>>> print(open('start00.cif').read())   # mmCIF, C-alpha atoms and all ligand atoms
data_structure
#
loop_
_atom_site.label_atom_id
_atom_site.label_comp_id
_atom_site.auth_asym_id
_atom_site.auth_seq_id
_atom_site.Cartn_x
_atom_site.Cartn_y
_atom_site.Cartn_z
CA MET A 1 63.39 15.68 115.17
CA GLU A 2 61.91 14.25 118.33
CA GLU A 3 58.55 15.81 117.59
CA SER A 4 58.00 13.71 114.49
CA LYS A 5 57.98 10.58 116.66
CA ASN A 6 54.97 11.85 118.64
CA PRO A 7 51.53 10.49 117.85
CA GLN A 8 49.23 13.23 116.57
CA VAL A 9 46.57 12.29 119.04
CA ILE A 10 46.98 10.91 122.55
CA ASP A 11 44.30 9.82 124.99
CA LEU A 12 45.63 11.19 128.24
CA LEU A 13 48.21 13.55 129.71
CA ILE A 14 48.77 13.40 133.46
CA THR A 15 50.69 16.47 134.46
CA ASN A 16 51.77 18.52 137.46
CA ILE A 17 52.95 15.36 139.26
CA GLY A 18 54.92 16.29 142.38
CA GLN A 19 56.70 12.95 142.74
CA LEU A 20 56.50 10.23 140.14
CA LEU A 21 57.77 6.75 141.00
CA THR A 22 58.37 5.11 137.62
CA MET A 23 60.16 2.03 139.08
CA GLU A 24 61.75 1.83 135.61
CA GLY A 25 64.93 0.08 134.59
CA ALA A 26 64.75 -3.23 136.47
CA THR A 27 66.10 -6.19 134.51
CA GLY A 28 64.54 -8.76 136.86
CA PRO A 29 63.02 -8.75 140.33
CA ARG A 30 65.03 -6.22 142.36
CA LYS A 31 67.18 -7.54 145.20
CA GLY A 32 69.70 -6.25 147.72
CA LYS A 33 70.54 -2.57 147.20
CA GLU A 34 68.59 -2.52 143.91
CA MET A 35 65.47 -2.43 146.06
CA LEU A 36 66.31 1.22 146.83
CA GLU A 37 65.88 2.20 143.15
CA ILE A 38 62.49 3.77 142.45
CA GLY A 39 63.04 5.80 139.26
CA LEU A 40 61.93 9.04 140.96
CA ILE A 41 61.07 12.03 138.76
CA GLU A 42 60.01 15.26 140.46
CA ASP A 43 57.69 17.68 138.68
CA ALA A 44 56.74 15.04 136.12
CA ALA A 45 54.17 14.18 133.45
CA ILE A 46 52.98 10.99 131.73
CA THR A 47 51.40 10.42 128.31
CA VAL A 48 49.03 7.56 127.50
CA LYS A 49 47.52 6.14 124.31
CA ASP A 50 45.42 3.01 123.72
CA GLY A 51 45.70 2.00 127.37
CA LYS A 52 49.50 2.05 127.33
CA ILE A 53 52.20 4.39 128.58
CA ILE A 54 53.87 6.38 125.80
CA GLU A 55 56.36 8.09 128.03
CA ALA A 56 57.06 9.60 131.42
CA GLY A 57 59.43 12.46 132.08
CA LYS A 58 59.95 15.97 133.37
CA ARG A 59 56.76 18.03 133.04
CA GLU A 60 58.48 20.81 131.14
CA ASN A 61 59.91 18.46 128.52
CA ILE A 62 56.71 16.48 128.04
CA GLU A 63 54.50 19.58 127.80
CA GLU A 64 56.85 21.11 125.25
CA LYS A 65 57.12 17.89 123.26
CA TYR A 66 53.34 17.40 123.07
CA ARG A 67 52.53 21.07 122.44
CA ASN A 68 51.07 20.38 119.00
CA THR A 69 49.49 17.04 119.85
CA THR A 70 45.75 16.62 120.28
CA ILE A 71 45.23 15.52 123.88
CA LYS A 72 41.82 13.98 124.52
CA GLU A 73 41.95 14.20 128.31
CA ARG A 74 44.17 15.96 130.82
CA ILE A 75 44.52 15.21 134.52
CA ASP A 76 46.16 17.69 136.84
CA ALA A 77 47.82 15.70 139.65
CA MET A 78 48.01 18.88 141.78
CA GLY A 79 51.62 18.32 142.77
CA LYS A 80 50.81 14.98 144.44
CA LEU A 81 52.41 11.53 144.39
CA VAL A 82 51.85 9.26 141.36
CA THR A 83 52.91 5.60 141.18
CA PRO A 84 52.25 2.42 139.24
CA GLY A 85 49.12 0.55 140.37
CA LEU A 86 49.85 -1.75 143.30
CA ILE A 87 50.04 -5.50 142.71
CA ASP A 88 48.70 -7.97 145.27
CA SER A 89 50.56 -11.20 144.50
CA HIS A 90 48.88 -13.49 147.07
CA THR A 91 45.12 -13.46 147.69
CA HIS A 92 42.41 -16.00 148.43
CA LEU A 93 39.84 -13.84 146.63
CA VAL A 94 36.90 -16.19 146.08
CA PHE A 95 35.19 -17.56 149.18
CA ALA A 96 31.81 -17.66 150.90
CA GLY A 97 30.90 -16.14 154.25
CA SER A 98 33.29 -14.78 156.85
CA ARG A 99 34.88 -15.92 160.11
CA GLU A 100 34.34 -13.11 162.61
CA HIS A 101 33.26 -15.74 165.18
CA GLU A 102 36.92 -16.84 165.28
CA LEU A 103 38.03 -13.44 166.54
CA LYS A 104 36.82 -14.28 170.06
CA LEU A 105 38.68 -17.61 169.99
CA LYS A 106 41.79 -15.74 168.87
CA ILE A 107 41.47 -13.19 171.67
CA GLU A 108 41.13 -16.06 174.13
CA GLY A 109 44.40 -17.41 172.78
CA MET A 110 43.38 -20.36 170.60
CA PRO A 111 46.03 -20.88 167.88
CA TYR A 112 45.05 -20.78 164.18
CA LEU A 113 46.00 -24.42 163.54
CA ASP A 114 43.94 -25.60 166.56
CA ILE A 115 40.85 -23.90 165.14
CA LEU A 116 41.50 -25.77 161.87
CA LYS A 117 42.05 -29.08 163.70
CA GLN A 118 38.59 -28.73 165.25
CA GLY A 119 36.99 -28.42 161.82
CA GLY A 120 36.87 -24.61 161.88
CA GLY A 121 39.15 -22.18 160.06
CA ILE A 122 39.68 -23.07 156.40
CA LEU A 123 37.24 -25.98 156.75
CA SER A 124 34.39 -23.73 157.87
CA THR A 125 34.98 -21.54 154.79
CA VAL A 126 35.04 -24.74 152.68
CA ARG A 127 31.58 -25.74 153.93
CA ASN A 128 30.19 -22.31 153.01
CA THR A 129 31.96 -22.17 149.64
CA ARG A 130 30.64 -25.58 148.62
CA ALA A 131 27.10 -24.42 149.46
CA TRP A 132 27.20 -21.16 147.51
CA SER A 133 26.41 -20.86 143.80
CA LYS A 134 28.86 -19.50 141.28
CA ASP A 135 26.88 -16.26 141.06
CA GLU A 136 26.82 -15.76 144.83
CA LEU A 137 30.59 -16.25 144.97
CA LYS A 138 31.08 -13.89 142.06
CA THR A 139 28.96 -11.11 143.58
CA LYS A 140 30.96 -11.26 146.81
CA ALA A 141 34.31 -11.38 144.99
CA ILE A 142 33.36 -8.29 142.95
CA LYS A 143 32.79 -6.40 146.19
CA HIS A 144 36.31 -7.30 147.36
CA LEU A 145 37.81 -6.46 143.95
CA ASN A 146 36.17 -3.03 144.04
CA THR A 147 37.60 -2.39 147.50
CA MET A 148 41.05 -3.43 146.29
CA LEU A 149 40.80 -1.17 143.24
CA SER A 150 39.67 1.79 145.34
CA PHE A 151 42.73 1.19 147.57
CA GLY A 152 45.09 1.38 144.58
CA THR A 153 45.50 -2.30 143.64
CA THR A 154 45.29 -2.88 139.88
CA SER A 155 46.52 -6.51 139.49
CA ILE A 156 46.15 -9.50 141.76
CA GLU A 157 46.76 -13.20 142.04
CA ALA A 158 43.73 -15.24 143.21
CA LYS A 159 43.84 -18.76 144.63
CA SER A 160 41.24 -21.48 144.74
CA GLY A 161 41.36 -23.78 147.78
CA TYR A 162 38.00 -23.41 149.52
CA GLY A 163 36.38 -26.13 147.43
CA LEU A 164 38.63 -29.14 148.10
CA SER A 165 36.50 -31.28 145.79
CA ALA A 166 36.71 -31.47 142.01
CA GLU A 167 33.38 -29.75 141.56
CA ALA A 168 33.90 -26.96 144.10
CA GLU A 169 37.51 -26.22 143.07
CA LEU A 170 36.46 -25.93 139.43
CA LYS A 171 33.57 -23.68 140.52
CA GLN A 172 35.99 -21.30 142.26
CA LEU A 173 38.31 -21.25 139.25
CA ALA A 174 35.36 -20.63 136.92
CA VAL A 175 34.42 -17.60 139.05
CA VAL A 176 37.96 -16.26 138.71
CA LYS A 177 37.84 -16.76 134.96
CA GLU A 178 34.54 -14.86 134.66
CA LEU A 179 35.92 -12.03 136.79
CA LYS A 180 39.02 -11.82 134.60
CA ASP A 181 36.77 -11.21 131.61
CA SER A 182 34.42 -8.76 133.28
CA HIS A 183 36.23 -6.73 135.98
CA PRO A 184 38.88 -4.04 135.32
CA MET A 185 41.25 -5.78 137.78
CA ASP A 186 43.91 -7.95 136.13
CA ILE A 187 43.73 -11.37 137.77
CA LYS A 188 46.12 -14.33 137.60
CA ALA A 189 44.72 -17.62 138.89
CA THR A 190 46.34 -20.22 141.14
CA PHE A 191 45.02 -23.72 141.73
CA MET A 192 45.30 -24.39 145.47
CA GLY A 193 43.29 -27.59 145.86
CA ALA A 194 46.00 -28.57 148.36
CA HIS A 195 44.93 -25.96 150.94
CA ALA A 196 43.68 -28.35 153.66
CA ILE A 197 42.52 -31.94 154.03
CA PRO A 198 38.71 -31.98 153.77
CA GLU A 199 36.69 -33.85 156.39
CA GLU A 200 35.81 -36.74 154.07
CA TYR A 201 39.54 -37.44 153.52
CA LYS A 202 40.60 -37.10 157.17
CA GLY A 203 43.69 -39.29 157.78
CA ARG A 204 44.10 -39.95 154.05
CA PRO A 205 46.12 -36.96 152.79
CA GLU A 206 47.79 -38.84 149.92
CA GLU A 207 44.49 -40.03 148.53
CA PHE A 208 43.13 -36.52 148.75
CA LEU A 209 46.17 -35.05 147.00
CA ASN A 210 45.81 -37.62 144.20
CA SER A 211 42.21 -36.50 143.70
CA MET A 212 43.50 -32.95 143.21
CA VAL A 213 46.29 -34.11 140.87
CA ASP A 214 43.53 -35.64 138.74
CA LEU A 215 42.34 -32.08 137.99
CA PHE A 216 45.70 -30.80 136.70
CA ASP A 217 45.26 -31.60 133.02
CA GLN A 218 41.77 -30.15 132.79
CA ILE A 219 42.82 -26.94 134.59
CA ILE A 220 45.78 -26.45 132.26
CA LYS A 221 43.81 -27.36 129.14
CA GLU A 222 40.98 -24.95 129.98
CA ASP A 223 43.44 -22.27 131.05
CA LEU A 224 41.82 -22.03 134.48
CA ALA A 225 45.07 -21.42 136.39
CA GLU A 226 48.69 -20.61 135.64
CA PHE A 227 50.14 -21.41 139.10
CA CYS A 228 49.79 -24.29 141.56
CA ASP A 229 50.20 -23.79 145.33
CA ILE A 230 50.16 -26.01 148.44
CA PHE A 231 49.91 -25.31 152.20
CA CYS A 232 53.17 -26.98 153.32
CA GLU A 233 52.68 -26.85 157.09
CA GLU A 234 52.79 -29.02 160.19
CA GLY A 235 49.45 -30.81 160.47
CA VAL A 236 48.49 -29.92 156.89
CA PHE A 237 50.83 -31.18 154.09
CA SER A 238 54.35 -32.38 154.82
CA VAL A 239 57.47 -31.48 152.86
CA GLU A 240 57.44 -34.95 151.23
CA GLN A 241 53.78 -34.67 150.22
CA SER A 242 54.36 -31.13 148.94
CA ARG A 243 57.41 -32.21 146.91
CA ASP A 244 55.51 -35.01 145.23
CA PHE A 245 52.43 -32.86 144.55
CA LEU A 246 54.38 -29.90 143.16
CA ASN A 247 56.58 -32.11 140.99
CA LYS A 248 53.43 -33.45 139.37
CA ALA A 249 52.10 -29.89 139.02
CA LYS A 250 55.30 -28.81 137.31
CA GLN A 251 55.07 -31.72 134.89
CA ALA A 252 51.49 -30.77 134.09
CA GLY A 253 52.67 -27.26 133.15
CA PHE A 254 52.04 -25.11 136.24
CA LYS A 255 54.46 -22.56 137.64
CA LEU A 256 54.92 -23.25 141.33
CA LYS A 257 54.06 -21.36 144.51
CA LEU A 258 54.19 -22.58 148.11
CA HIS A 259 52.80 -21.50 151.46
CA ALA A 260 56.16 -22.17 153.11
CA ASP A 261 57.22 -21.96 156.75
CA GLU A 262 54.13 -19.86 157.61
CA ILE A 263 53.70 -21.07 161.16
CA HIS A 264 56.29 -23.81 161.79
CA PRO A 265 59.70 -23.93 160.11
CA ILE A 266 59.49 -27.37 158.49
CA GLY A 267 61.72 -26.84 155.44
CA GLY A 268 59.33 -25.22 152.98
CA SER A 269 61.94 -22.68 151.84
CA GLU A 270 64.49 -25.38 151.04
CA LEU A 271 61.79 -27.21 149.10
CA ALA A 272 60.88 -24.05 147.15
CA ALA A 273 64.55 -23.68 146.13
CA GLU A 274 64.88 -27.36 145.23
CA LEU A 275 61.80 -27.18 142.96
CA GLY A 276 62.76 -23.82 141.43
CA ALA A 277 59.41 -22.38 142.58
CA LEU A 278 58.52 -18.94 141.22
CA THR A 279 57.62 -17.79 144.74
CA ALA A 280 57.70 -19.01 148.32
CA ASP A 281 55.16 -17.21 150.46
CA HIS A 282 55.04 -16.29 154.20
CA LEU A 283 58.51 -17.56 155.29
CA LEU A 284 58.16 -16.52 158.94
CA GLY A 285 60.24 -19.46 159.99
CA ALA A 286 62.54 -19.72 156.96
CA SER A 287 66.04 -20.93 157.87
CA GLU A 288 69.14 -18.97 156.87
CA GLU A 289 70.15 -21.88 154.64
CA GLY A 290 66.69 -21.89 153.01
CA ILE A 291 66.88 -18.14 152.36
CA LYS A 292 70.29 -18.49 150.68
CA GLN A 293 69.12 -21.45 148.61
CA MET A 294 66.06 -19.56 147.39
CA ALA A 295 68.25 -16.60 146.39
CA GLN A 296 70.42 -19.02 144.37
CA ALA A 297 67.40 -20.69 142.77
CA GLY A 298 65.81 -17.39 141.66
CA THR A 299 62.72 -17.83 143.84
CA ILE A 300 60.93 -14.65 144.97
CA ALA A 301 59.95 -14.29 148.65
CA VAL A 302 56.35 -13.09 149.03
CA LEU A 303 56.01 -11.65 152.54
CA LEU A 304 52.66 -11.18 154.23
CA PRO A 305 53.12 -9.16 157.43
CA GLY A 306 49.35 -8.69 157.75
CA THR A 307 49.13 -12.39 158.55
CA SER A 308 51.74 -12.24 161.35
CA PHE A 309 49.88 -9.25 162.73
CA TYR A 310 46.46 -10.87 162.54
CA LEU A 311 47.61 -14.23 163.93
CA ARG A 312 49.11 -12.28 166.86
CA SER A 313 52.41 -13.93 166.03
CA LYS A 314 55.68 -12.77 167.56
CA ASN A 315 57.36 -13.89 164.36
CA TYR A 316 57.76 -11.76 161.30
CA ALA A 317 59.70 -12.82 158.21
CA ARG A 318 63.37 -11.78 158.31
CA ALA A 319 63.19 -9.28 155.47
CA ARG A 320 66.49 -7.56 156.30
CA TYR A 321 68.37 -10.87 156.26
CA MET A 322 66.67 -11.70 152.94
CA ILE A 323 67.62 -8.35 151.41
CA ASP A 324 71.21 -8.69 152.69
CA ASN A 325 71.35 -12.13 151.06
CA GLN A 326 70.04 -10.95 147.67
CA LEU A 327 66.64 -12.61 147.90
CA PRO A 328 64.05 -10.48 146.01
CA ILE A 329 60.97 -9.61 148.09
CA ALA A 330 57.36 -8.96 147.11
CA LEU A 331 54.72 -7.95 149.67
CA SER A 332 51.06 -8.90 149.68
CA THR A 333 47.87 -8.85 151.77
CA ASP A 334 47.17 -12.63 151.85
CA PHE A 335 43.56 -11.44 151.67
CA ASN A 336 41.46 -14.30 153.12
CA PRO A 337 38.63 -14.72 155.66
CA GLY A 338 40.79 -16.31 158.37
CA SER A 339 44.35 -15.14 158.83
CA SER A 340 44.22 -11.80 157.00
CA PRO A 341 40.82 -10.26 156.29
CA THR A 342 42.01 -7.04 154.61
CA GLU A 343 42.19 -5.80 151.03
CA SER A 344 44.51 -2.92 151.94
CA LEU A 345 48.05 -2.96 150.62
CA GLN A 346 48.44 0.44 152.24
CA LEU A 347 48.12 -1.21 155.64
CA VAL A 348 50.64 -3.85 154.52
CA MET A 349 53.07 -0.99 153.74
CA THR A 350 52.90 0.24 157.32
CA LEU A 351 53.34 -3.26 158.77
CA ALA A 352 56.28 -3.90 156.42
CA ALA A 353 57.94 -0.70 157.58
CA LEU A 354 57.41 -1.24 161.31
CA TYR A 355 57.74 -5.02 161.64
CA LEU A 356 59.80 -6.14 158.63
CA GLU A 357 62.01 -3.04 158.95
CA MET A 358 61.77 -2.43 155.23
CA LEU A 359 62.51 1.06 153.91
CA PRO A 360 59.83 2.90 151.92
CA GLU A 361 61.80 2.46 148.67
CA GLU A 362 62.04 -1.29 149.30
CA ILE A 363 58.32 -1.44 150.08
CA TRP A 364 57.36 0.31 146.83
CA ASN A 365 59.51 -2.13 144.85
CA ALA A 366 57.95 -5.06 146.70
CA LEU A 367 54.44 -3.90 145.74
CA THR A 368 55.11 -2.95 142.12
CA ILE A 369 57.84 -4.43 139.94
CA ASN A 370 58.79 -7.33 142.23
CA ALA A 371 55.14 -8.24 142.74
CA ALA A 372 54.70 -8.15 138.95
CA HIS A 373 57.48 -10.73 138.66
CA ALA A 374 55.84 -12.80 141.42
CA ILE A 375 52.73 -13.20 139.23
CA ASN A 376 54.61 -13.44 135.92
CA ALA A 377 53.13 -10.15 134.71
CA ASN A 378 56.32 -8.08 134.61
CA GLU A 379 56.12 -7.53 130.84
CA GLN A 380 52.75 -5.80 131.21
CA VAL A 381 52.69 -4.08 134.62
CA GLY A 382 54.76 -3.07 137.65
CA SER A 383 56.38 0.13 136.33
CA ILE A 384 55.58 3.27 134.39
CA GLU A 385 57.62 2.63 131.25
CA ALA A 386 56.90 3.00 127.52
CA GLY A 387 54.75 0.14 126.25
CA LYS A 388 53.48 -1.06 129.62
CA GLN A 389 49.83 -0.87 130.64
CA ALA A 390 48.79 2.55 131.91
CA ASP A 391 47.89 1.30 135.42
CA ILE A 392 48.47 4.40 137.51
CA VAL A 393 47.52 5.66 140.98
CA ILE A 394 47.27 9.34 141.87
CA TRP A 395 47.55 9.58 145.64
CA ASP A 396 46.27 12.26 147.94
CA ALA A 397 49.75 12.42 149.46
CA PRO A 398 52.75 14.70 149.02
CA ASN A 399 55.44 12.02 148.73
CA TYR A 400 56.09 8.28 148.74
CA ASN A 401 57.13 8.11 152.42
CA TYR A 402 53.72 9.40 153.41
CA ILE A 403 51.67 6.27 152.54
CA PRO A 404 53.35 3.80 154.94
CA TYR A 405 53.60 6.59 157.53
CA HIS A 406 49.95 7.71 157.83
CA TYR A 407 48.21 4.41 158.40
CA GLY A 408 44.73 2.93 158.54
CA ILE A 409 43.05 5.16 155.95
CA ASN A 410 42.77 5.19 152.17
CA HIS A 411 45.08 7.72 150.47
CA VAL A 412 43.94 7.00 146.91
CA ASN A 413 42.55 9.86 144.91
CA MET A 414 42.42 8.43 141.36
CA VAL A 415 43.11 5.04 139.80
CA ILE A 416 43.69 4.77 136.07
CA LYS A 417 43.44 1.21 134.72
CA GLN A 418 44.69 0.59 131.19
CA GLY A 419 44.32 4.31 130.50
CA LYS A 420 40.76 4.61 131.89
CA LEU A 421 39.75 6.41 135.05
CA VAL A 422 38.14 3.74 137.31
CA VAL A 423 38.42 5.41 140.73
CA ASN A 424 37.88 9.12 141.39
CA GLY A 425 37.99 10.78 144.81
CA GLY A 426 38.71 7.33 146.26
CA LYS A 427 35.38 5.98 144.91
CA ILE A 428 34.77 3.37 142.21
CA LEU A 429 33.16 4.81 139.10
CA GLY A 430 29.91 3.14 137.98
O1 LIG B 1 41.36 -19.28 155.21
O2 LIG B 1 42.74 -19.38 156.86
N1 LIG B 1 46.92 -19.73 155.93
N2 LIG B 1 45.56 -20.46 154.41
C1 LIG B 1 46.82 -20.73 154.93
C2 LIG B 1 44.95 -19.49 155.01
C3 LIG B 1 45.82 -19.01 155.97
C4 LIG B 1 43.61 -18.99 154.65
C5 LIG B 1 42.53 -19.24 155.64
ZN ZN B 2 47.65 -17.63 151.69
#
>>> encode(input="start00.cif", output="structure tokens", more="lines below")
Ligand code: IZC
Ligand code: ZN
Amino acid sequence: MEESKNPQVIDLLITNIGQLLTMEGATGPRKGKEMLEIGLIEDAAITVKDGKIIEAGKRENIEEKYRNTTIKERIDAMGKLVTPGLIDSHTHLVFAGSREHELKLKIEGMPYLDILKQGGGILSTVRNTRAWSKDELKTKAIKHLNTMLSFGTTSIEAKSGYGLSAEAELKQLAVVKELKDSHPMDIKATFMGAHAIPEEYKGRPEEFLNSMVDLFDQIIKEDLAEFCDIFCEEGVFSVEQSRDFLNKAKQAGFKLKLHADEIHPIGGSELAAELGALTADHLLGASEEGIKQMAQAGTIAVLLPGTSFYLRSKNYARARYMIDNQLPIALSTDFNPGSSPTESLQLVMTLAALYLEMLPEEIWNALTINAAHAINANEQVGSIEAGKQADIVIWDAPNYNYIPYHYGINHVNMVIKQGKLVVNGGKILG
């Protein structure tokens, strides 16, 4: 009898779900036509115990099956949309200050890399981040994490890269580690000491990179970061420098990520494929050959249309070509104080629809199961399936097309993180 398999007590039943996107059944990151699969169940219910999903199915079946079970808490989803928590697979979470003064320069037409060349941009955030204490950085990061959570994001990746010295990079990573232990958000850390060349190393990029390589063993040993990333870009780090740096990172035990072909197409995608990187991010200028090579190598493309939008770029990544060539896509905010100051993956959905020409089903995959793969968390999160974490969003929306369609506002009603209600009525709970 099925009933005998039920626990006698469960923590939570979410019922009366109009549309449930389970995203279940993926065997790896979804690509090509697989990105249209969303595991849709209409008129659905979910059961949860000990922070994990027990099962999801048709409301009628679940309610009948759990008729004699003690249910500690029930949530009526009022016929609305329910999905897995969103996953933001590329953020620069921890930084000091802000860069609103650059908005005027942008409006006047000054390019992003010119601002950096003049000691602004990333380098202005580096000066602030070096000056702030760990606690100041942590307080600010918590504010951003709370915004993300209230917008439906339940797992993120967070990069260092605004320290650019041993001490300040380790400070940023220590902040991430403390947040991991204290905030409901799941956070995966990336060491991005190779984000820019600091002023004191101007003209000596190799020496600077060596000083960052010197931190690898300590970061791995103290479990401060799982991934290593580099800004492979004209005027920042070349393909050769990136290859050498990432090879050393791989040897030290990091999984690899790259800011590749973000502004100029210099061969970052080909390098990502050659190194077997887990992800290559941005890819505005990725060549057709690079896209095919990444698909072969099993690299995931992390696309950040918010950055194209905010840099006023005419270029957007060629998502349709990527999908046609079986390259799996994740989407992300690129949350940072310069090229993408937003925590909202809901805005990213709209930009992905309008400018990457991605379909809503593809967008939901790119922000759930594929993003989970992009941060090596696919065993725990990214779908509503038995045994996975109960990271669930109840939206104030009738269906999954509605979120990318109605843009610029927050559609979240409730967020459930590992079985616990953390956002209600769009607001963070104490
Ligand atoms: O602070 O400008 N592109 N890194 C590479 C960034 C943007 C972040 C920033
Ligand atoms: Zn970035």
>>> closest_residue(input="start00.cif", among="A:Met148, A:Leu93, A:Val82, A:Gln8", to="Pro337 in chain A", atoms="all atoms listed in the file")
A:Leu93
>>> residues_around(input="start00.cif", residues="Glu343 in chain A", least_positions_apart="4", cutoff="8 Å", atoms="all atoms listed in the file", output="VMD selection string")
chain A and resid 144 147 to 148 151 333 335
>>> write_last_selection(input="start00.cif", atoms="C-alpha atoms", output="PDB file, keeping the file's coordinate frame")
ATOM      1  CA  HIS A 144      36.310  -7.300 147.360  1.00  0.00           C
ATOM      2  CA  THR A 147      37.600  -2.390 147.500  1.00  0.00           C
ATOM      3  CA  MET A 148      41.050  -3.430 146.290  1.00  0.00           C
ATOM      4  CA  PHE A 151      42.730   1.190 147.570  1.00  0.00           C
ATOM      5  CA  THR A 333      47.870  -8.850 151.770  1.00  0.00           C
ATOM      6  CA  PHE A 335      43.560 -11.440 151.670  1.00  0.00           C
TER       7      PHE A 335
END
>>> closest_residue(input="start00.cif", among="A:Ile403, A:Ile416, A:Leu429, A:Val348", to="Leu12 in chain A", atoms="only C-alpha atoms")
A:Ile416
>>> residues_near_ligand(input="start00.cif", ligand="ligand LIG 1 (chain B)", cutoff="6 Å", atoms="all atoms listed in the file", output="VMD selection string")
chain A and resid 121 to 122 336 to 339
>>> closest_residue(input="start00.cif", among="A:Thr279, A:Thr125, A:Gln19, A:Asn424", to="His195 in chain A", atoms="only C-alpha atoms")
A:Thr125
>>> residues_around(input="start00.cif", residues="Ile263 in chain A", least_positions_apart="5", cutoff="9 Å", atoms="all atoms listed in the file", output="PyMOL selection string")
chain A and resi 113+233-234+282-285+313+315
>>> residues_near_ligand(input="start00.cif", ligand="ligand ZN 2 (chain B)", cutoff="12 Å", atoms="only C-alpha atoms and all ligand atoms", output="PyMOL selection string")
chain A and resi 88-93+122+157-162+190-192+194-196+229-233+257-263+280-283+302-308+332-341
>>> atom_distance(input="start00.cif", atom1="CA of Phe245 in chain A", atom2="CA of Leu209 in chain A")
7.1 Å
>>> closest_residue(input="start00.cif", among="A:Leu105, A:Ile394, A:Met23, A:Ala273", to="Gly120 in chain A", atoms="all atoms listed in the file")
A:Leu105
>>> residues_around(input="start00.cif", residues="Leu275 in chain A", least_positions_apart="4", cutoff="8 Å", atoms="all atoms listed in the file", output="number ranges by chain")
A: 243, 246-247, 271
>>> residues_near_point(input="start00.cif", point="(42.8, 2.5, 146.6)", cutoff="7 Å", atoms="all atoms listed in the file", output="PyMOL selection string")
chain A and resi 148-153+410-412+426
>>> residues_around(input="start00.cif", residues="Lys134 in chain A", least_positions_apart="6", cutoff="8 Å", atoms="only C-alpha atoms", output="PDB file with C-alpha atoms, in the coordinates of the input")
ATOM      1  CA  LYS A 171      33.570 -23.680 140.520  1.00  0.00           C
ATOM      2  CA  GLN A 172      35.990 -21.300 142.260  1.00  0.00           C
ATOM      3  CA  ALA A 174      35.360 -20.630 136.920  1.00  0.00           C
ATOM      4  CA  VAL A 175      34.420 -17.600 139.050  1.00  0.00           C
TER       5      VAL A 175
END
>>> residues_around(input="start00.cif", residues="range 36-53 of chain A", least_positions_apart="5", cutoff="7 Å", atoms="all atoms listed in the file", output="ChimeraX atom specification")
/A:10-24,58-59,62,361-362,384-390,418-419
>>> atom_distance(input="start00.cif", atom1="CA of Ala372 in chain A", atom2="CA of Gly28 in chain A")
10.1 Å
>>> closest_residue(input="start00.cif", among="A:Val236, A:Ala295, A:Ala189, A:Ala131", to="Ile219 in chain A", atoms="only C-alpha atoms")
A:Ala189
>>> decode(input="start00.cif", residues="range 386-417 of chain A", atoms="C-alpha atoms", output="PDB file, in the first residue's frame")
ATOM      1  CA  ALA A 386      11.932  14.127  -3.670  1.00  0.00           C
ATOM      2  CA  GLY A 387      15.011  14.548  -1.484  1.00  0.00           C
ATOM      3  CA  LYS A 388      15.990  18.016  -2.659  1.00  0.00           C
ATOM      4  CA  GLN A 389      15.921  21.061  -0.392  1.00  0.00           C
ATOM      5  CA  ALA A 390      12.474  22.597  -0.010  1.00  0.00           C
ATOM      6  CA  ASP A 391      13.464  25.951  -1.571  1.00  0.00           C
ATOM      7  CA  ILE A 392      10.165  27.144  -2.989  1.00  0.00           C
ATOM      8  CA  VAL A 393       8.667  30.418  -4.239  1.00  0.00           C
ATOM      9  CA  ILE A 394       4.946  31.159  -4.220  1.00  0.00           C
ATOM     10  CA  TRP A 395       4.376  33.953  -6.712  1.00  0.00           C
ATOM     11  CA  ASP A 396       1.582  36.464  -6.843  1.00  0.00           C
ATOM     12  CA  ALA A 397       1.095  35.513 -10.487  1.00  0.00           C
ATOM     13  CA  PRO A 398      -1.311  33.250 -12.355  1.00  0.00           C
ATOM     14  CA  ASN A 399       1.223  31.451 -14.560  1.00  0.00           C
ATOM     15  CA  TYR A 400       4.905  31.183 -15.449  1.00  0.00           C
ATOM     16  CA  ASN A 401       4.692  33.450 -18.524  1.00  0.00           C
ATOM     17  CA  TYR A 402       3.524  36.282 -16.320  1.00  0.00           C
ATOM     18  CA  ILE A 403       6.833  36.956 -14.487  1.00  0.00           C
ATOM     19  CA  PRO A 404       8.988  37.898 -17.520  1.00  0.00           C
ATOM     20  CA  TYR A 405       5.974  39.692 -19.015  1.00  0.00           C
ATOM     21  CA  HIS A 406       5.049  42.141 -16.219  1.00  0.00           C
ATOM     22  CA  TYR A 407       8.380  43.766 -15.516  1.00  0.00           C
ATOM     23  CA  GLY A 408      10.046  46.064 -13.014  1.00  0.00           C
ATOM     24  CA  ILE A 409       8.139  44.985  -9.894  1.00  0.00           C
ATOM     25  CA  ASN A 410       8.452  42.170  -7.368  1.00  0.00           C
ATOM     26  CA  HIS A 411       5.946  39.335  -7.899  1.00  0.00           C
ATOM     27  CA  VAL A 412       7.040  37.252  -4.904  1.00  0.00           C
ATOM     28  CA  ASN A 413       4.445  36.436  -2.301  1.00  0.00           C
ATOM     29  CA  MET A 414       6.181  33.766  -0.182  1.00  0.00           C
ATOM     30  CA  VAL A 415       9.643  32.226  -0.107  1.00  0.00           C
ATOM     31  CA  ILE A 416      10.206  28.931   1.678  1.00  0.00           C
ATOM     32  CA  LYS A 417      13.869  28.143   2.353  1.00  0.00           C
TER      33      LYS A 417
END
